[in-house]
$ cat start-v6.cif   # mmCIF, C-alpha atoms
data_upload
loop_
_atom_site.label_atom_id
_atom_site.label_comp_id
_atom_site.auth_asym_id
_atom_site.auth_seq_id
_atom_site.Cartn_x
_atom_site.Cartn_y
_atom_site.Cartn_z
CA MET A 99 104.30 74.85 133.10
CA ASP A 100 107.76 74.78 131.52
CA GLN A 101 106.88 77.98 129.76
CA ASP A 102 106.03 79.60 133.10
CA LEU A 103 109.32 78.43 134.61
CA ASP A 104 111.22 79.79 131.64
CA LEU A 105 109.45 83.14 131.93
CA LEU A 106 110.13 83.11 135.66
CA LYS A 107 113.86 82.56 135.17
CA ARG A 108 114.01 85.36 132.66
CA CYS A 109 112.07 87.63 135.04
CA LEU A 110 114.52 86.91 137.82
CA SER A 111 117.39 87.76 135.50
CA GLY A 112 115.79 91.18 135.07
CA GLU A 113 114.13 90.76 131.70
CA GLY A 114 111.21 93.19 131.56
CA SER A 115 109.55 91.57 128.55
CA ALA A 116 109.31 88.22 130.40
CA TRP A 117 107.53 89.91 133.29
CA GLU A 118 105.16 91.55 130.86
CA ALA A 119 104.45 88.16 129.24
CA LEU A 120 103.76 86.66 132.66
CA LEU A 121 101.45 89.55 133.45
CA ARG A 122 99.53 89.15 130.23
CA ALA A 123 99.14 85.42 130.88
CA TYR A 124 97.77 85.76 134.42
CA THR A 125 96.15 89.19 134.77
CA ARG A 126 92.77 87.85 133.66
CA LYS A 127 92.84 84.96 136.15
CA VAL A 128 93.83 87.16 139.08
CA TYR A 129 91.37 89.85 138.11
CA ASN A 130 88.52 87.34 137.99
CA LEU A 131 89.48 85.92 141.36
CA CYS A 132 89.53 89.42 142.84
CA TYR A 133 86.23 90.29 141.22
CA ARG A 134 84.56 87.17 142.62
CA PHE A 135 85.71 88.18 146.08
CA THR A 136 84.83 91.86 145.96
CA GLY A 137 82.02 92.00 143.40
CA ARG A 138 83.23 95.41 142.21
CA ALA A 139 85.30 95.99 139.07
CA HIS A 140 87.15 99.00 140.45
CA ASP A 141 88.19 97.17 143.65
CA ALA A 142 89.14 94.13 141.60
CA GLU A 143 91.49 96.24 139.44
CA ASP A 144 93.18 97.77 142.49
CA LEU A 145 93.50 94.38 144.15
CA THR A 146 94.90 92.80 140.97
CA GLN A 147 97.58 95.47 140.87
CA GLU A 148 98.41 94.94 144.55
CA VAL A 149 98.61 91.18 144.06
CA PHE A 150 101.02 91.53 141.17
CA ILE A 151 103.19 94.00 143.07
CA LYS A 152 103.40 91.41 145.85
CA ILE A 153 104.20 88.66 143.35
CA PHE A 154 106.88 90.81 141.74
CA GLN A 155 108.47 91.41 145.13
CA THR A 156 108.37 87.77 146.19
CA LEU A 157 109.07 86.14 142.83
CA ALA A 158 112.39 84.77 144.04
CA SER A 159 110.68 82.90 146.89
CA TYR A 160 108.68 80.69 144.51
CA ASP A 161 109.67 77.04 144.88
CA ALA A 162 108.67 74.80 141.98
CA ALA A 163 108.82 71.75 144.28
CA GLN A 164 105.82 73.02 146.25
CA GLY A 165 103.48 73.27 143.30
CA THR A 166 102.91 74.93 139.98
CA PHE A 167 103.40 78.63 139.43
CA SER A 168 99.65 78.99 138.87
CA THR A 169 98.91 77.45 142.29
CA TRP A 170 101.49 79.69 143.96
CA LEU A 171 99.99 82.72 142.21
CA HIS A 172 96.51 81.74 143.40
CA ARG A 173 97.82 81.31 146.96
CA VAL A 174 99.46 84.74 147.01
CA ALA A 175 96.32 86.28 145.54
CA ARG A 176 94.02 84.48 147.96
CA ASN A 177 96.13 85.47 150.99
CA HIS A 178 96.08 89.06 149.84
CA LEU A 179 92.31 88.94 149.40
CA VAL A 180 91.86 87.51 152.88
CA ASP A 181 94.04 90.31 154.29
CA HIS A 182 92.00 92.82 152.34
CA TYR A 183 88.76 91.27 153.62
CA ARG A 184 89.93 91.51 157.22
CA ARG A 185 91.21 95.04 156.71
CA THR A 186 87.94 96.29 155.29
CA LYS A 187 85.63 94.28 157.51
CA LYS A 188 84.76 97.26 159.67
CA ASP A 189 83.98 99.45 156.66
CA ARG A 190 81.82 96.86 155.03
CA VAL A 191 78.13 96.81 155.76
CA THR A 192 76.59 93.49 154.89
CA GLY A 193 73.40 94.05 152.98
CA SER A 194 70.44 91.75 152.81
CA ILE A 195 69.21 89.92 149.74
CA GLU A 196 66.29 92.32 149.59
CA ASP A 197 68.72 95.25 149.20
CA ASP A 198 70.49 93.47 146.36
CA LEU A 199 67.23 92.73 144.61
CA ALA A 200 66.28 96.38 144.91
CA THR A 201 69.50 97.32 143.11
CA ILE A 202 68.75 94.79 140.37
CA GLU A 203 65.36 96.34 139.80
CA GLU A 204 66.87 99.82 139.58
CA LYS A 205 68.98 98.80 136.61
CA PRO A 206 67.64 99.66 133.13
CA SER A 207 65.30 97.10 131.68
CA PRO A 208 67.03 94.73 129.30
CA GLY A 209 64.98 95.69 126.27
CA ALA A 210 67.90 96.30 123.93
CA GLY A 211 70.14 93.59 122.54
CA PRO A 212 69.66 89.89 121.96
CA VAL A 213 67.76 87.95 124.59
CA GLY A 214 70.64 85.52 125.10
CA GLN A 215 73.05 88.30 126.06
CA VAL A 216 70.58 89.75 128.52
CA GLU A 217 70.01 86.37 130.11
CA ALA A 218 73.75 85.76 130.34
CA ARG A 219 74.26 89.12 132.01
CA GLU A 220 71.42 88.46 134.44
CA ARG A 221 72.89 85.06 135.29
CA LYS A 222 76.30 86.66 135.86
CA GLU A 223 74.87 89.30 138.17
CA LEU A 224 72.78 86.72 139.96
CA LEU A 225 75.76 84.43 140.54
CA GLN A 226 77.89 87.28 141.84
CA GLN A 227 75.18 88.43 144.22
CA ALA A 228 74.70 84.91 145.51
CA LEU A 229 78.48 84.48 145.95
CA ASP A 230 78.61 87.72 147.93
CA LYS A 231 76.21 86.14 150.42
CA LEU A 232 78.56 83.25 151.21
CA SER A 233 81.12 83.29 153.99
CA PRO A 234 84.67 83.88 152.65
CA ASP A 235 85.77 80.31 153.44
CA LEU A 236 82.99 78.74 151.42
CA ARG A 237 83.12 81.37 148.71
CA GLU A 238 86.82 80.92 147.99
CA ALA A 239 86.44 77.14 147.86
CA VAL A 240 83.55 77.31 145.38
CA VAL A 241 85.21 80.01 143.28
CA LEU A 242 88.49 78.12 142.98
CA ARG A 243 86.74 74.85 142.15
CA ASP A 244 83.78 75.84 139.99
CA LEU A 245 84.94 79.09 138.41
CA HIS A 246 88.72 78.61 138.23
CA ASP A 247 88.68 74.84 137.62
CA LEU A 248 91.38 74.04 140.15
CA ASP A 249 91.42 70.44 141.42
CA TYR A 250 91.12 69.51 145.09
CA LEU A 251 94.88 69.18 145.58
CA GLU A 252 95.58 72.58 144.07
CA ILE A 253 92.85 74.18 146.18
CA ALA A 254 94.27 72.49 149.28
CA GLN A 255 97.69 73.97 148.43
CA VAL A 256 96.22 77.42 147.83
CA LEU A 257 94.16 77.44 151.01
CA GLY A 258 96.67 75.56 153.13
CA VAL A 259 94.05 73.07 154.42
CA PRO A 260 93.61 69.31 153.94
CA GLN A 261 91.80 68.02 150.86
CA GLY A 262 88.99 66.64 152.99
CA THR A 263 88.30 70.12 154.32
CA VAL A 264 88.36 71.51 150.80
CA LYS A 265 85.84 68.93 149.66
CA SER A 266 83.57 69.66 152.60
CA ARG A 267 83.78 73.43 152.06
CA ILE A 268 82.98 73.11 148.38
CA ASN A 269 79.92 70.98 149.12
CA ARG A 270 78.70 73.30 151.86
CA GLY A 271 79.36 76.30 149.63
CA ARG A 272 77.28 74.81 146.81
CA LEU A 273 74.42 73.94 149.18
CA GLU A 274 74.50 77.43 150.60
CA LEU A 275 74.53 78.95 147.11
CA ALA A 276 71.50 76.81 146.17
CA ARG A 277 69.62 78.05 149.24
CA VAL A 278 70.56 81.67 148.56
CA LEU A 279 69.42 81.40 144.96
CA LYS A 280 66.13 79.85 146.09
CA ARG A 281 65.52 82.68 148.53
CA MET A 282 66.33 85.22 145.82
CA GLU A 283 63.88 83.44 143.56
CA GLU A 284 61.16 83.54 146.18
CA ILE A 285 61.67 87.25 146.78
CA GLY A 286 62.35 88.43 143.24
CA GLY A 287 60.18 86.04 141.23
CA PRO A 288 61.27 83.31 138.84
CA ALA A 289 62.46 85.72 136.15
CA LYS A 290 65.18 87.07 138.41
CA ALA A 291 66.60 83.77 139.51
CA GLY A 292 68.61 82.46 136.62
CA GLY A 293 66.07 81.65 133.94
CA GLU A 294 66.45 77.90 134.46
CA PRO A 295 63.14 76.23 135.43
CA MET B 33 69.84 57.61 154.81
CA THR B 34 69.25 60.89 156.70
CA HIS B 35 68.79 64.40 155.28
CA VAL B 36 72.23 65.48 156.57
CA GLU B 37 73.93 62.50 154.95
CA VAL B 38 72.28 63.28 151.61
CA GLU B 39 73.37 66.92 151.93
CA ASN B 40 76.94 65.85 152.61
CA LEU B 41 76.96 63.63 149.54
CA ALA B 42 75.15 66.06 147.22
CA SER B 43 78.28 67.21 145.33
CA ASP B 44 79.71 63.70 145.04
CA TYR B 45 76.36 62.44 143.80
CA LEU B 46 76.09 65.13 141.12
CA GLU B 47 79.72 64.70 140.02
CA GLY B 48 79.27 60.92 139.75
CA LEU B 49 81.86 60.15 142.42
CA LEU B 50 79.67 57.84 144.56
CA ASN B 51 79.93 54.05 144.51
CA PRO B 52 76.79 52.21 143.31
CA PRO B 53 75.36 51.33 146.78
CA SER B 54 75.72 54.91 148.06
CA ARG B 55 74.29 56.26 144.84
CA ALA B 56 71.29 53.92 145.09
CA ALA B 57 70.74 54.95 148.73
CA VAL B 58 70.84 58.66 147.82
CA GLU B 59 68.44 58.14 144.93
CA ALA B 60 66.06 56.19 147.13
CA HIS B 61 66.05 59.04 149.66
CA LEU B 62 65.56 61.67 146.95
CA ALA B 63 62.60 59.75 145.57
CA GLU B 64 60.89 59.99 148.94
CA CYS B 65 62.08 63.38 150.26
CA GLY B 66 60.82 66.43 148.38
CA ALA B 67 63.00 68.92 150.34
CA CYS B 68 66.25 67.04 149.66
CA SER B 69 65.28 66.51 146.03
CA GLU B 70 64.70 70.25 145.67
CA LEU B 71 68.01 71.02 147.35
CA VAL B 72 69.95 68.66 145.07
CA ALA B 73 68.22 70.21 142.06
CA GLY B 74 69.33 73.61 143.39
CA VAL B 75 72.95 72.44 143.66
CA ARG B 76 72.74 71.10 140.11
CA ARG B 77 71.61 74.53 138.98
CA VAL B 78 74.47 76.16 140.87
CA LEU B 79 76.93 73.94 139.02
CA GLU B 80 75.33 74.80 135.68
CA LEU B 81 75.39 78.49 136.54
CA CYS B 82 79.08 78.38 137.47
CA ARG B 83 80.05 76.38 134.38
CA SER B 84 78.21 78.71 132.06
CA ALA B 85 79.77 81.79 133.70
CA GLU B 86 82.32 83.41 131.42
CA ASP B 87 85.53 85.04 132.57
CA LEU B 88 85.33 88.77 133.02
CA GLU B 89 87.61 90.88 130.90
CA PRO B 90 89.90 93.23 132.81
CA ALA B 91 90.41 96.79 131.57
CA PRO B 92 92.91 96.87 128.69
CA TRP B 93 95.14 99.38 130.47
CA LEU B 94 95.50 97.22 133.58
CA VAL B 95 98.64 95.40 132.38
CA SER B 96 100.48 98.61 131.51
CA LYS B 97 99.40 100.13 134.83
CA ILE B 98 100.83 97.14 136.70
CA MET B 99 103.99 97.31 134.57
CA ARG B 100 104.47 100.93 135.59
CA ALA B 101 103.84 100.06 139.23
CA THR B 102 106.36 97.20 139.20
CA VAL B 103 109.24 97.75 136.77
CA GLY B 104 108.48 101.43 136.09
CA GLU B 105 108.42 103.04 132.70
CA ARG B 106 110.09 100.71 130.27
CA GLN B 107 112.73 102.28 128.05
CA PRO B 108 111.67 101.85 124.46
CA THR B 109 114.02 99.93 122.21
CA LEU B 110 115.74 101.55 119.22
CA TYR B 111 113.25 99.87 116.87
CA GLU B 112 110.29 101.19 118.89
CA ARG B 113 111.77 104.67 118.90
CA LEU B 114 112.28 104.63 115.15
CA THR B 115 108.79 103.26 114.64
CA ALA B 116 107.37 106.01 116.83
CA LEU B 117 109.39 108.61 114.90
CA PHE B 118 108.16 107.46 111.50
CA ARG B 119 104.64 106.53 112.56
CA PRO B 120 103.10 109.85 111.34
CA VAL B 121 104.82 109.39 107.96
CA LEU B 122 103.93 105.71 107.54
CA GLN B 123 100.31 106.40 106.74
CA PRO B 124 98.49 105.38 103.54
CA ARG B 125 97.57 108.96 102.74
CA VAL B 126 101.24 110.04 102.93
CA ALA B 127 102.28 107.16 100.68
CA TYR B 128 99.54 108.17 98.23
CA SER B 129 100.68 111.82 98.25
CA VAL B 130 104.31 110.81 97.69
CA ALA B 131 103.31 108.53 94.83
CA MET B 132 101.27 111.31 93.22
CA THR B 133 104.15 113.79 93.62
CA VAL B 134 106.62 111.39 92.01
CA PHE B 135 104.14 110.76 89.21
CA SER B 136 103.61 114.49 88.65
CA PHE B 137 107.36 115.16 88.61
CA SER B 138 107.92 112.34 86.14
CA ILE B 139 105.29 113.88 83.84
CA ILE B 140 106.91 117.33 84.14
CA ILE B 141 110.39 115.92 83.51
CA ASN B 142 109.12 114.01 80.48
CA ALA B 143 107.26 117.00 79.11
CA ALA B 144 110.24 119.29 79.66
CA GLY B 145 112.46 116.78 77.85
CA LEU B 146 114.97 116.62 80.68
CA ASN B 147 117.52 113.84 80.62
CA LEU B 148 118.42 113.31 84.26
CA SER B 149 121.66 111.49 83.49
CA HIS B 150 122.97 114.40 81.39
CA LEU B 151 121.81 117.59 83.00
CA SER B 152 123.19 120.89 81.72
CA PHE B 153 122.80 124.49 82.87
CA ALA B 154 120.29 125.10 80.09
CA ASP B 155 118.09 122.40 81.63
CA LEU B 156 117.71 124.54 84.73
CA ASN B 157 116.18 127.43 82.78
CA PRO B 158 112.38 127.42 82.99
CA ARG B 159 112.19 129.00 79.55
CA THR B 160 113.90 125.95 78.06
CA TRP B 161 111.41 123.75 79.90
CA PHE B 162 108.56 125.74 78.44
CA SER B 163 109.84 125.65 74.88
CA ARG B 164 110.50 121.90 75.12
CA ALA B 165 107.12 121.26 76.63
CA ASN B 166 105.55 123.37 73.89
CA ARG B 167 107.39 121.40 71.22
CA ALA B 168 106.47 118.09 72.87
CA GLY B 169 102.85 119.18 72.97
CA HIS B 170 102.80 120.14 69.30
CA LEU B 171 104.55 116.93 68.31
CA ALA B 172 102.06 114.88 70.27
CA TYR B 173 99.19 116.77 68.62
CA ALA B 174 100.65 116.25 65.14
CA ARG B 175 101.13 112.55 65.79
CA ALA B 176 97.61 112.22 67.04
CA GLU B 177 96.28 114.03 63.97
CA LYS B 178 98.28 111.83 61.61
CA PHE B 179 97.12 108.74 63.43
CA TYR B 180 93.53 109.88 63.09
CA TYR B 181 93.83 110.38 59.31
CA ASP B 182 95.64 107.07 58.86
CA LEU B 183 92.87 105.44 60.75
CA ARG B 184 90.30 106.98 58.39
CA VAL B 185 92.05 105.48 55.37
CA VAL B 186 92.22 102.08 57.02
CA TYR B 187 88.52 102.17 57.83
CA GLU B 188 87.74 103.23 54.27
CA ILE B 189 89.71 100.30 52.86
CA GLU B 190 88.04 97.96 55.28
CA SER B 191 84.55 99.11 54.30
CA ARG B 192 85.41 98.71 50.60
CA PHE B 193 86.61 95.21 51.18
CA ARG B 194 83.40 94.43 52.99
CA GLN B 195 81.31 95.75 50.06
CA LEU B 196 83.38 93.77 47.58
CA ARG B 197 82.93 90.60 49.52
CA VAL B 198 79.17 91.04 49.32
CA GLN B 199 79.04 91.94 45.59
CA PRO B 200 80.59 88.77 44.07
CA GLN B 201 78.23 86.64 46.11
CA GLU B 202 75.25 88.56 44.67
CA GLN B 203 76.62 88.20 41.16
CA GLU B 204 77.07 84.48 41.61
CA GLN B 205 73.45 84.18 42.69
CA GLU B 206 72.12 86.23 39.70
CA THR B 207 74.17 84.72 36.83
CA PRO B 208 74.82 81.06 36.12
CA LYS B 209 78.30 79.96 37.01
CA PRO B 210 80.57 80.68 34.02
CA GLU B 211 82.99 78.10 32.82
CA ALA B 212 86.52 78.57 34.01
CA PRO B 213 88.49 80.58 31.47
CA PRO B 214 91.37 78.83 29.81
CA ALA B 215 94.89 79.62 31.02
CA GLY B 216 96.22 82.90 29.59
CA SER B 217 92.74 84.11 28.72
CA THR B 218 92.26 87.94 28.55
CA GLU B 219 88.59 87.93 29.53
CA GLY B 220 89.17 90.39 32.39
CA ALA B 221 91.48 92.50 30.33
CA PRO B 222 89.05 94.95 28.67
CA LEU B 223 88.30 96.75 31.93
CA GLY B 224 91.95 96.89 32.93
CA GLN B 225 93.11 97.99 29.51
CA LYS B 226 90.39 100.62 29.30
CA GLN B 227 91.39 102.20 32.57
CA LEU B 228 95.05 101.76 31.86
CA ALA B 229 94.60 104.08 28.93
CA SER B 230 93.06 106.82 31.04
CA THR B 231 95.43 106.68 34.00
CA GLU B 232 99.07 107.22 34.56
CA GLY B 233 101.80 106.43 37.06
CA TRP B 234 101.73 103.67 39.67
CA GLY B 235 97.96 103.57 39.92
CA GLY B 236 97.78 102.74 36.25
CA GLU B 237 100.31 99.96 36.54
CA LEU B 238 98.47 98.63 39.54
CA LEU B 239 95.23 98.66 37.58
CA GLY B 240 96.92 96.96 34.66
CA GLN B 241 97.94 94.14 36.93
CA ALA B 242 94.56 94.21 38.58
CA GLY B 243 93.02 93.34 35.22
CA ARG B 244 94.37 89.86 35.75
CA ALA B 245 93.84 89.90 39.50
CA PRO B 246 90.69 89.04 41.44
CA SER B 247 88.04 91.70 41.53
CA ALA B 248 88.75 92.66 45.21
CA VAL B 249 92.29 93.73 44.46
CA ARG B 250 91.06 95.55 41.43
CA SER B 251 88.66 97.64 43.48
CA LEU B 252 91.39 98.40 46.00
CA ALA B 253 93.56 99.73 43.25
CA GLU B 254 90.66 101.86 42.07
CA PHE B 255 90.25 103.26 45.51
CA ALA B 256 93.95 104.03 45.75
CA MET B 257 93.74 105.89 42.47
CA GLN B 258 90.74 107.81 43.66
CA GLY B 259 92.55 108.91 46.79
CA ARG B 260 95.57 109.95 44.67
CA SER B 261 93.45 112.10 42.36
CA GLU B 262 91.78 113.81 45.33
CA THR B 263 95.06 114.88 46.94
CA PRO B 264 96.52 118.01 45.43
#
$ encode --input "start-v6.cif" --output "structure tokens"
Amino acid sequence: MDQDLDLLKRCLSGEGSAWEALLRAYTRKVYNLCYRFTGRAHDAEDLTQEVFIKIFQTLASYDAAQGTFSTWLHRVARNHLVDHYRRTKKDRVTGSIEDDLATIEEKPSPGAGPVGQVEARERKELLQQALDKLSPDLREAVVLRDLHDLDYLEIAQVLGVPQGTVKSRINRGRLELARVLKRMEEIGGPAKAGGEP
Amino acid sequence: MTHVEVENLASDYLEGLLNPPSRAAVEAHLAECGACSELVAGVRRVLELCRSAEDLEPAPWLVSKIMRATVGERQPTLYERLTALFRPVLQPRVAYSVAMTVFSFSIIINAAGLNLSHLSFADLNPRTWFSRANRAGHLAYARAEKFYYDLRVVYEIESRFRQLRVQPQEQEQETPKPEAPPAGSTEGAPLGQKQLASTEGWGGELLGQAGRAPSAVRSLAEFAMQGRSETP
């Protein structure tokens, strides 16, 4: 935390190398958050860049009293993703689970490479497809808690809602994910649904 | 406990956040209700799936792209500029070539007999280089030849010594051990005196002394004489 504050001060004094260090420290986190929301690497890269441009422009407005830099960064990123979601809502056509399963089957069969890697990749794809089926409110709560390891207080600060709401959203999100995965399993067979019996 | 209540407590139950009575109530419901039990098992799998999910790696160029988009092209420091300037030269193959060139030049300078601290105009003449190199070559050849012949003599002496070491042992085995001659005895003298009469110069003196010396030294002196008589 102190390291972040030090980097922040140096950034504000115009030190380019400090900004680069901050970027290197957080690009991966922001990229993963963006990817979990969009499900597409290319969109996630564009959104990561936009988020960091916004952070660069509003760096001076960060107040350490309101939370850690990481929480503030997540909040800026999340707000930008929500804006992006609303902006692109009209363009987006929500597909059904059946469509997604069709795209899984079109991919090349995982004959090459160790079995563990293939299973891990399948699980990753499966998780992302299931997350895409959640509503944004539930998805962001689950992603921040279970994939980004933020605690309830941090998530409440990021989302700007009470902790009770956060807890409820996380639980509902997990239940919904479980139902989605079950439906995917029923449609695609047990081999497609995570490998866990 | 109802289905909805169990659903609401599913996460708390799986994360171990429930108090014992609530936990017992949930477990009692799960034992009876197959649908809720299946749902809780599904949530458990979701948690496992999320925890085993690894972070995705962004493209390596993303940071530099964002840097360009925010602070623009960064001006390289003096050190980075110098490094960039010398990067093509600072390669192993260049270092190897330079080392070989220096090595070759040192050989040429040595062969040409140039003294770099005292260079004269004559040193700049290639003909001088050639004549010096020629001389150095001949000298080296002569030294090598001399060394080779010296080596032959040494080997010859060595082989004689080896023979002489074997001979006394055989003699000792064949003949009974003679009594030690008294001091000042001239028992070994006949051979030495005989050869002394037929030789001259230092070889003869050496043989004369060898008459009183152990047989190994005597044979060495013989060999030296032999070599002397062979040389013109």
$ resolve_selection --input "start-v6.cif" --expression "the PyMOL selection byres ((chain B) within 8 of (chain A))" --output "PyMOL selection string"
chain B and resi 39-43+71+74-75+77-79+81-83+85+87-91+94-95+97-99+101-103+106
$ closest_residue --input "start-v6.cif" --among "A:Leu110, A:Leu248, A:Leu105, A:Val264" --to "Ala123 (chain A)" --atoms "all atoms listed in the file"
A:Leu105
$ resolve_selection --input "start-v6.cif" --expression "the PyMOL selection byres ((chain A and resi 176-189) around 9)" --output "count of residues only"
19
$ atom_distance --input "start-v6.cif" --atom1 "CA of Val38 (chain B)" --atom2 "CA of Val58 (chain B)"
6.1 Å
$ atom_distance --input "start-v6.cif" --atom1 "CA of Ser149 (chain B)" --atom2 "CA of Ala165 (chain B)"
18.8 Å
$ atom_distance --input "start-v6.cif" --atom1 "CA of Asp161 (chain A)" --atom2 "CA of Val259 (chain A)"
18.7 Å
$ closest_residue --input "start-v6.cif" --among "B:Gln123, B:Asp44, B:Arg192, B:Ala143" --to "Ala172 (chain B)" --atoms "all atoms listed in the file"
B:Ala143
$ axis_aligned_box --input "start-v6.cif" --around "region 79-90 of chain B" --padding-each-side "4 Å" --output "JSON"
{"center_x": 82.6, "center_y": 83.6, "center_z": 135.0, "size_x": 22.6, "size_y": 27.3, "size_z": 16.1}
